[in-house]
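The structure file data36.txt is reproduced below (compact mmCIF, C-alpha atoms and all ligand atoms).
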# COMPACT_ATOMS: atom_id res chain seq x y z
CA MET A 26 40.15 63.26 75.03
CA SER A 27 42.18 65.15 72.41
CA LEU A 28 44.95 67.50 73.49
CA LYS A 29 43.19 70.41 71.79
CA SER A 30 39.99 69.87 73.74
CA GLN A 31 41.91 70.03 77.03
CA ILE A 32 43.10 73.59 76.35
CA ASN A 33 41.31 76.25 78.38
CA ILE A 34 40.53 78.95 75.82
CA ASP A 35 40.02 81.50 78.63
CA LYS A 36 43.61 80.98 79.80
CA LEU A 37 45.41 81.25 76.45
CA PRO A 38 48.60 83.28 76.28
CA GLN A 39 48.00 86.39 74.19
CA HIS A 40 51.51 86.21 72.79
CA ILE A 41 53.62 83.12 72.01
CA ALA A 42 57.24 83.48 70.92
CA VAL A 43 59.08 80.60 69.26
CA ILE A 44 62.76 79.83 68.69
CA MET A 45 62.51 77.51 65.69
CA ASP A 46 65.54 75.25 66.02
CA GLY A 47 66.72 71.94 64.63
CA ASN A 48 66.28 72.33 60.86
CA GLY A 49 69.90 71.37 60.18
CA ARG A 50 69.78 68.26 62.37
CA TRP A 51 66.47 67.25 60.81
CA ALA A 52 68.06 67.43 57.35
CA LYS A 53 71.06 65.43 58.52
CA ARG A 54 68.78 62.70 59.85
CA HIS A 55 67.26 62.53 56.38
CA ASN A 56 70.72 62.45 54.75
CA LYS A 57 70.10 65.79 53.08
CA ALA A 58 71.77 69.20 52.95
CA ARG A 59 70.92 71.70 55.73
CA VAL A 60 68.76 73.83 53.42
CA PHE A 61 66.39 70.87 53.00
CA GLY A 62 65.65 71.27 56.72
CA HIS A 63 64.80 74.95 56.26
CA GLN A 64 62.57 74.15 53.29
CA ASN A 65 60.68 71.66 55.44
CA GLY A 66 60.61 74.12 58.32
CA VAL A 67 58.20 76.24 56.28
CA GLN A 68 55.50 73.60 56.68
CA ALA A 69 55.87 73.80 60.47
CA VAL A 70 55.60 77.61 60.27
CA ARG A 71 52.31 77.12 58.42
CA GLU A 72 51.01 74.52 60.92
CA ILE A 73 51.85 76.53 64.01
CA SER A 74 50.51 79.78 62.58
CA GLU A 75 47.27 78.07 61.66
CA GLY A 76 47.08 76.23 65.00
CA ALA A 77 47.68 79.37 67.06
CA ALA A 78 45.25 81.48 64.99
CA GLU A 79 42.52 78.80 65.20
CA LEU A 80 42.73 78.85 68.99
CA GLY A 81 42.56 82.65 69.18
CA VAL A 82 46.17 83.54 70.06
CA LYS A 83 46.63 87.25 69.25
CA TYR A 84 50.41 87.39 68.66
CA LEU A 85 52.83 84.76 67.38
CA THR A 86 56.49 85.77 67.03
CA LEU A 87 58.93 83.45 65.24
CA TYR A 88 62.73 83.78 65.42
CA ALA A 89 63.55 83.23 61.74
CA PHE A 90 67.04 84.72 61.34
CA SER A 91 69.36 86.19 63.94
CA LYS A 92 72.11 88.70 63.42
CA GLU A 93 74.53 85.90 64.30
CA ASN A 94 73.12 83.72 61.48
CA TRP A 95 74.96 85.85 58.88
CA ASN A 96 78.08 83.88 59.85
CA ARG A 97 76.65 80.67 58.38
CA PRO A 98 77.86 79.39 54.97
CA ALA A 99 76.88 81.84 52.20
CA PHE A 100 74.84 79.22 50.36
CA GLU A 101 72.69 78.58 53.44
CA VAL A 102 72.19 82.31 54.10
CA ASN A 103 71.24 82.99 50.45
CA THR A 104 68.83 80.07 50.37
CA LEU A 105 67.16 81.25 53.58
CA MET A 106 66.78 84.80 52.24
CA LYS A 107 65.19 83.46 49.03
CA LEU A 108 62.97 81.14 51.08
CA PHE A 109 61.64 84.10 53.09
CA VAL A 110 60.79 85.95 49.87
CA LYS A 111 59.12 82.91 48.30
CA THR A 112 57.17 82.01 51.43
CA VAL A 113 55.88 85.52 52.11
CA ASP A 114 54.77 85.87 48.45
CA LYS A 115 53.18 82.44 48.40
CA GLU A 116 51.37 82.71 51.73
CA MET A 117 49.89 86.20 51.30
CA ALA A 118 46.47 84.92 50.15
CA THR A 119 46.28 82.40 53.02
CA LEU A 120 47.25 85.06 55.56
CA ASN A 121 44.49 87.32 54.26
CA LYS A 122 41.97 84.47 54.19
CA ASN A 123 42.75 83.74 57.85
CA ASN A 124 42.73 87.40 58.93
CA ILE A 125 46.43 87.24 59.93
CA ARG A 126 48.56 90.39 59.87
CA LEU A 127 52.19 89.89 58.87
CA ASN A 128 54.77 91.86 60.83
CA ALA A 129 58.58 91.82 60.95
CA LEU A 130 60.96 92.64 63.81
CA GLY A 131 64.65 93.38 63.45
CA ASP A 132 67.21 95.41 61.58
CA LEU A 133 65.08 95.19 58.43
CA GLU A 134 66.66 97.91 56.34
CA THR A 135 69.98 96.09 56.12
CA LEU A 136 68.37 92.88 54.81
CA PRO A 137 68.92 92.04 51.12
CA LYS A 138 66.70 94.30 48.99
CA GLU A 139 64.47 91.48 47.71
CA THR A 140 63.80 90.19 51.23
CA TYR A 141 63.04 93.67 52.51
CA LYS A 142 60.70 94.36 49.58
CA ALA A 143 58.81 91.08 50.02
CA LEU A 144 58.33 91.76 53.73
CA MET A 145 57.08 95.30 53.15
CA LYS A 146 54.70 94.05 50.47
CA GLY A 147 53.41 91.28 52.77
CA MET A 148 52.95 93.69 55.67
CA LYS A 149 51.12 96.22 53.51
CA SER A 150 48.83 93.61 51.98
CA THR A 151 47.80 92.24 55.41
CA GLU A 152 47.82 95.47 57.44
CA SER A 153 44.07 95.64 57.98
CA ASN A 154 43.76 92.07 59.29
CA ASP A 155 42.93 92.09 62.98
CA GLY A 156 42.94 88.39 63.88
CA MET A 157 46.47 87.22 64.81
CA THR A 158 49.68 89.19 64.27
CA LEU A 159 52.41 86.91 62.93
CA SER A 160 55.80 88.53 63.49
CA LEU A 161 58.97 87.22 61.87
CA ALA A 162 62.12 88.21 63.73
CA LEU A 163 64.60 88.68 60.89
CA ASN A 164 68.11 90.07 61.20
CA TYR A 165 67.13 90.37 64.84
CA SER A 166 69.09 90.13 68.03
CA SER A 167 67.97 91.32 71.40
CA ARG A 168 71.21 93.10 72.28
CA TRP A 169 71.03 94.99 68.96
CA GLU A 170 67.44 95.97 69.76
CA ILE A 171 68.30 97.16 73.29
CA ILE A 172 71.28 99.20 72.12
CA ASP A 173 69.19 100.71 69.31
CA ALA A 174 66.54 101.73 71.87
CA VAL A 175 69.17 103.20 74.20
CA LYS A 176 70.66 105.27 71.36
CA ARG A 177 67.29 106.67 70.34
CA ILE A 178 66.31 107.50 73.92
CA ALA A 179 69.69 109.14 74.56
CA GLY A 180 69.25 111.22 71.38
CA GLU A 181 65.83 112.37 72.52
CA VAL A 182 67.12 113.22 76.00
CA LYS A 183 69.82 115.31 74.34
CA GLU A 184 67.24 117.13 72.21
CA GLY A 185 65.09 117.73 75.30
CA GLN A 186 62.24 115.55 73.99
CA VAL A 187 62.56 112.97 76.77
CA ASP A 188 63.06 113.79 80.44
CA LEU A 189 65.87 111.71 81.98
CA ASN A 190 63.79 111.13 85.12
CA GLY A 191 60.85 110.01 83.01
CA ILE A 192 62.74 106.93 81.74
CA ASN A 193 61.04 103.88 83.17
CA GLU A 194 60.15 100.34 82.04
CA ASN A 195 57.09 101.52 80.14
CA LEU A 196 58.94 104.19 78.24
CA PHE A 197 61.80 101.82 77.41
CA SER A 198 59.37 99.18 76.07
CA ASN A 199 58.01 101.76 73.65
CA TYR A 200 61.39 101.94 71.92
CA LEU A 201 61.61 98.19 71.28
CA THR A 202 60.53 96.44 68.08
CA THR A 203 57.65 94.90 70.04
CA SER A 204 56.27 98.25 71.25
CA ASP A 205 52.78 97.54 69.93
CA MET A 206 52.36 94.10 71.51
CA PRO A 207 52.18 92.56 74.99
CA ASP A 208 55.20 90.64 76.27
CA PRO A 209 55.07 86.92 75.42
CA GLU A 210 53.61 84.86 78.24
CA LEU A 211 55.06 81.71 76.65
CA LEU A 212 58.38 81.11 74.89
CA ILE A 213 58.88 77.80 73.09
CA ARG A 214 62.23 76.48 71.86
CA THR A 215 62.44 73.31 69.82
CA SER A 216 65.21 70.73 69.25
CA GLY A 217 66.24 70.05 72.83
CA GLU A 218 68.49 73.11 73.22
CA ASN A 219 67.88 75.00 76.47
CA ARG A 220 69.09 78.47 75.48
CA ILE A 221 67.58 81.87 74.68
CA SER A 222 70.13 82.83 71.98
CA ASN A 223 69.70 86.61 72.11
CA PHE A 224 65.92 86.54 71.58
CA LEU A 225 63.56 89.06 73.22
CA LEU A 226 65.69 89.31 76.38
CA TRP A 227 63.75 92.27 77.79
CA GLN A 228 60.33 90.97 76.80
CA ILE A 229 60.67 87.45 78.28
CA SER A 230 61.43 88.62 81.83
CA TYR A 231 58.31 86.83 83.10
CA SER A 232 57.61 84.41 80.24
CA GLU A 233 57.11 80.74 80.90
CA LEU A 234 59.78 78.77 79.03
CA TYR A 235 58.93 75.53 77.25
CA PHE A 236 61.66 73.39 75.72
CA SER A 237 60.64 70.64 73.31
CA ASP A 238 62.93 67.89 72.02
CA VAL A 239 61.12 67.86 68.68
CA LEU A 240 63.10 69.28 65.74
CA TRP A 241 61.38 72.28 64.15
CA PRO A 242 60.26 70.64 60.85
CA ASP A 243 58.42 68.00 62.94
CA PHE A 244 56.79 70.54 65.28
CA SER A 245 53.07 70.03 64.70
CA LYS A 246 49.83 71.46 66.08
CA GLU A 247 49.81 68.62 68.62
CA GLU A 248 53.23 69.78 69.87
CA LEU A 249 51.86 73.32 70.16
CA TYR A 250 48.94 72.01 72.19
CA LYS A 251 51.38 70.18 74.52
CA ALA A 252 53.24 73.45 75.09
CA LEU A 253 49.99 75.28 75.83
CA LEU A 254 48.84 72.60 78.28
CA SER A 255 52.17 72.77 80.08
CA TYR A 256 51.81 76.57 80.25
CA GLN A 257 48.27 76.32 81.62
CA ASN A 258 49.38 73.97 84.37
CA ARG A 259 51.94 76.39 85.75
CA GLU A 260 51.51 78.94 88.50
CA ARG A 261 52.68 82.35 87.27
CA ARG A 262 53.77 84.23 90.39
CA PHE A 263 55.46 87.43 89.14
CA GLY A 264 57.56 87.58 92.31
CA LEU A 265 54.61 86.97 94.68
CA THR A 266 54.15 83.93 96.91
CA GLY A 267 51.71 81.15 96.01
CA GLU A 268 49.52 82.15 99.02
CA GLN A 269 49.35 85.75 97.86
CA LEU A 270 48.10 84.58 94.47
CA ILE A 271 45.35 82.43 96.04
CA ASN A 272 44.17 85.37 98.16
CA SER A 273 44.25 87.94 95.36
C1 LIG B 301 67.31 77.03 63.10
O1 LIG B 301 67.66 75.71 62.81
C2 LIG B 301 66.52 77.62 62.04
C3 LIG B 301 66.84 78.76 61.35
C4 LIG B 301 68.04 79.54 61.61
C5 LIG B 301 65.99 79.24 60.24
C6 LIG B 301 64.51 79.24 60.47
C7 LIG B 301 63.85 79.21 59.17
C8 LIG B 301 62.78 78.49 58.84
C9 LIG B 301 61.98 77.68 59.78
C10 LIG B 301 62.38 78.48 57.43
C11 LIG B 301 61.34 79.37 56.94
C12 LIG B 301 60.80 80.37 57.83
C13 LIG B 301 59.93 81.34 57.46
C14 LIG B 301 59.49 82.30 58.46
C15 LIG B 301 59.40 81.45 56.10
P1 LIG B 301 69.21 75.35 62.64
O2 LIG B 301 69.55 75.53 61.20
O3 LIG B 301 70.01 76.14 63.60
O4 LIG B 301 69.21 73.83 63.03
P2 LIG B 301 70.41 72.99 63.72
O5 LIG B 301 70.61 73.58 65.08
O6 LIG B 301 69.87 71.62 63.75
O7 LIG B 301 71.61 73.14 62.83
Just give me the structure as structure tokens.
Ligand code: FPP
Amino acid sequence: MSLKSQINIDKLPQHIAVIMDGNGRWAKRHNKARVFGHQNGVQAVREISEGAAELGVKYLTLYAFSKENWNRPAFEVNTLMKLFVKTVDKEMATLNKNNIRLNALGDLETLPKETYKALMKGMKSTESNDGMTLSLALNYSSRWEIIDAVKRIAGEVKEGQVDLNGINENLFSNYLTTSDMPDPELLIRTSGENRISNFLLWQISYSELYFSDVLWPDFSKEELYKALLSYQNRERRFGLTGEQLINS
């Protein structure tokens, strides 16, 4: 029985978030420069996007570039920025053919102009697609996002547009970059690292975490299916007891 056929389509997560890690180590194993790993990581982005969309996942969010990643060697950063532009341009037709809407999360306006322009163009060209939303987290970090939300809420309290006592979890979520999507039920990180690295800290409060040893460029649809099967075999309790869940 194939892994895919074991997946219960009625119990799919609506939103999967992925920390794509291990490109550099993958390149090293192939005796190549780090950027070779990123170039090959694009194929895995394609595979996983296609795999998730085929199953009917509504939201897929990929951590593509963190605020901390600016500290990498300039050549690597520049190559990544160019790779984002090239990939978005190149994949536009495929995204449209598969009814996938491109979205971007992060401090987008401070990205290099070409990267920003390519993202905006990709988002505009796919905006009416209503199959899966593919979000790229770019120049993103969760602490930046939370502080940005706090500043905007504080400003609106000061202007009298938000009532201090009306601040609750729902309101706060509306100020995050993910305001128009459900929280991820499943977070996957590849490459054997068991960390969150400043990704969606608020949104993953109740996410199931899945750590794979596979390096990102080797992460295939089969690996995605393994993650989904692991997710479907877990009991999500949200603070309740197992007995309470059975009786609900
Ligand atoms: C982490 O691996 C990966 C990144 C920081 C970049 C992710 C980019 C891609 C997968 C390429 C293209 C993506 C899109 C969306 C077009 P690492 O470099 O930290 O690996 P290491 O831990 O082995 O050094």
Open item on the list: Can you pull out every residue with an atom within 7 Å of ligand LIG 301 (chain B)? Use only C-alpha atoms and all ligand atoms and format it as a list in words.
Closed with: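 After applying the 7 Å limit, what remains is Met45, Asp46, Gly47, Asn48, Gly49, Arg50, Trp51, Arg59, His63, Gln64, Gly66, Val67, Val70, Leu87, Tyr88, Ala89, Phe90, Asn94, Leu105, Leu108, Phe109, Thr112, Val113, Leu161 and Trp241 of chain A.
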Task: Residue with smallest distance to Ala118 in chain A - pool A:Val182, A:Arg168, A:Ser150, A:Pro98, counting all atoms listed in the file - done: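 For Ala118 in chain A, the nearest of the given residues is A:Ser150.
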Open item on the list: With distances taken over only C-alpha atoms, which residue among A:Leu201, A:Ile73, A:Val82, A:Ala99 lies nearest Asp132 in chain A?
Closed with: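 Closest to Asp132 in chain A of all the choices is A:Leu201.
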Open item on the list: Excluding Asn154 in chain A and its own-chain neighbours fewer than 4 positions away, which residues fall within 7 Å of it when counting only C-alpha atoms? Please give them as a PyMOL selection string.
Closed with: chain A and resi 121+124-126
Using all atoms listed in the file, determine which residues lie at most 10 Å from range 259-266 of chain A, disregarding the query and same-chain residues fewer than 6 positions distant; provide the list as a tab-separated table (two decimals) with C-alpha atoms, in the frame of the given file.
chain	number	residue	atom	x	y	z
A	210	GLU	CA	53.61	84.86	78.24
A	230	SER	CA	61.43	88.62	81.83
A	231	TYR	CA	58.31	86.83	83.10
A	232	SER	CA	57.61	84.41	80.24
A	233	GLU	CA	57.11	80.74	80.90
TODO: List the neighbours of Glu101 in chain A out to 10 Å using all atoms listed in the file; skip same-chain residues closer than 5 positions along the sequence, and give me the result as a ChimeraX atom specification.
DONE: /A:58-61,63,94-96,106-107
- [ ] Mind listing whatever residues come within 8 Å of the point (69.7, 82.2, 68.4)? Use only C-alpha atoms, file coordinates, and give them as a VMD selection string.
- [x] chain A and resid 44 88 90 to 91 93 to 94 166 221 to 224
Include C-alpha atoms and write out the residues we just selected as a PDB file, in the coordinates of the input.
ATOM      1  CA  ILE A  44      62.760  79.830  68.690  1.00  0.00           C
ATOM      2  CA  TYR A  88      62.730  83.780  65.420  1.00  0.00           C
ATOM      3  CA  PHE A  90      67.040  84.720  61.340  1.00  0.00           C
ATOM      4  CA  SER A  91      69.360  86.190  63.940  1.00  0.00           C
ATOM      5  CA  GLU A  93      74.530  85.900  64.300  1.00  0.00           C
ATOM      6  CA  ASN A  94      73.120  83.720  61.480  1.00  0.00           C
ATOM      7  CA  SER A 166      69.090  90.130  68.030  1.00  0.00           C
ATOM      8  CA  ILE A 221      67.580  81.870  74.680  1.00  0.00           C
ATOM      9  CA  SER A 222      70.130  82.830  71.980  1.00  0.00           C
ATOM     10  CA  ASN A 223      69.700  86.610  72.110  1.00  0.00           C
ATOM     11  CA  PHE A 224      65.920  86.540  71.580  1.00  0.00           C
TER      12      PHE A 224
END
Open item on the list: With distances taken over only C-alpha atoms, which residue among A:Pro137, A:Gly156, A:Tyr200, A:Ile34 lies nearest Arg177 in chain A?
Closed with: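 Using only C-alpha atoms, Arg177 in chain A sits closest to A:Tyr200.
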TODO: Could you jot down the CA of Ser273 in chain A to CA of Gln39 in chain A separation for me, Å, one decimal place?
DONE: 21.6 Å
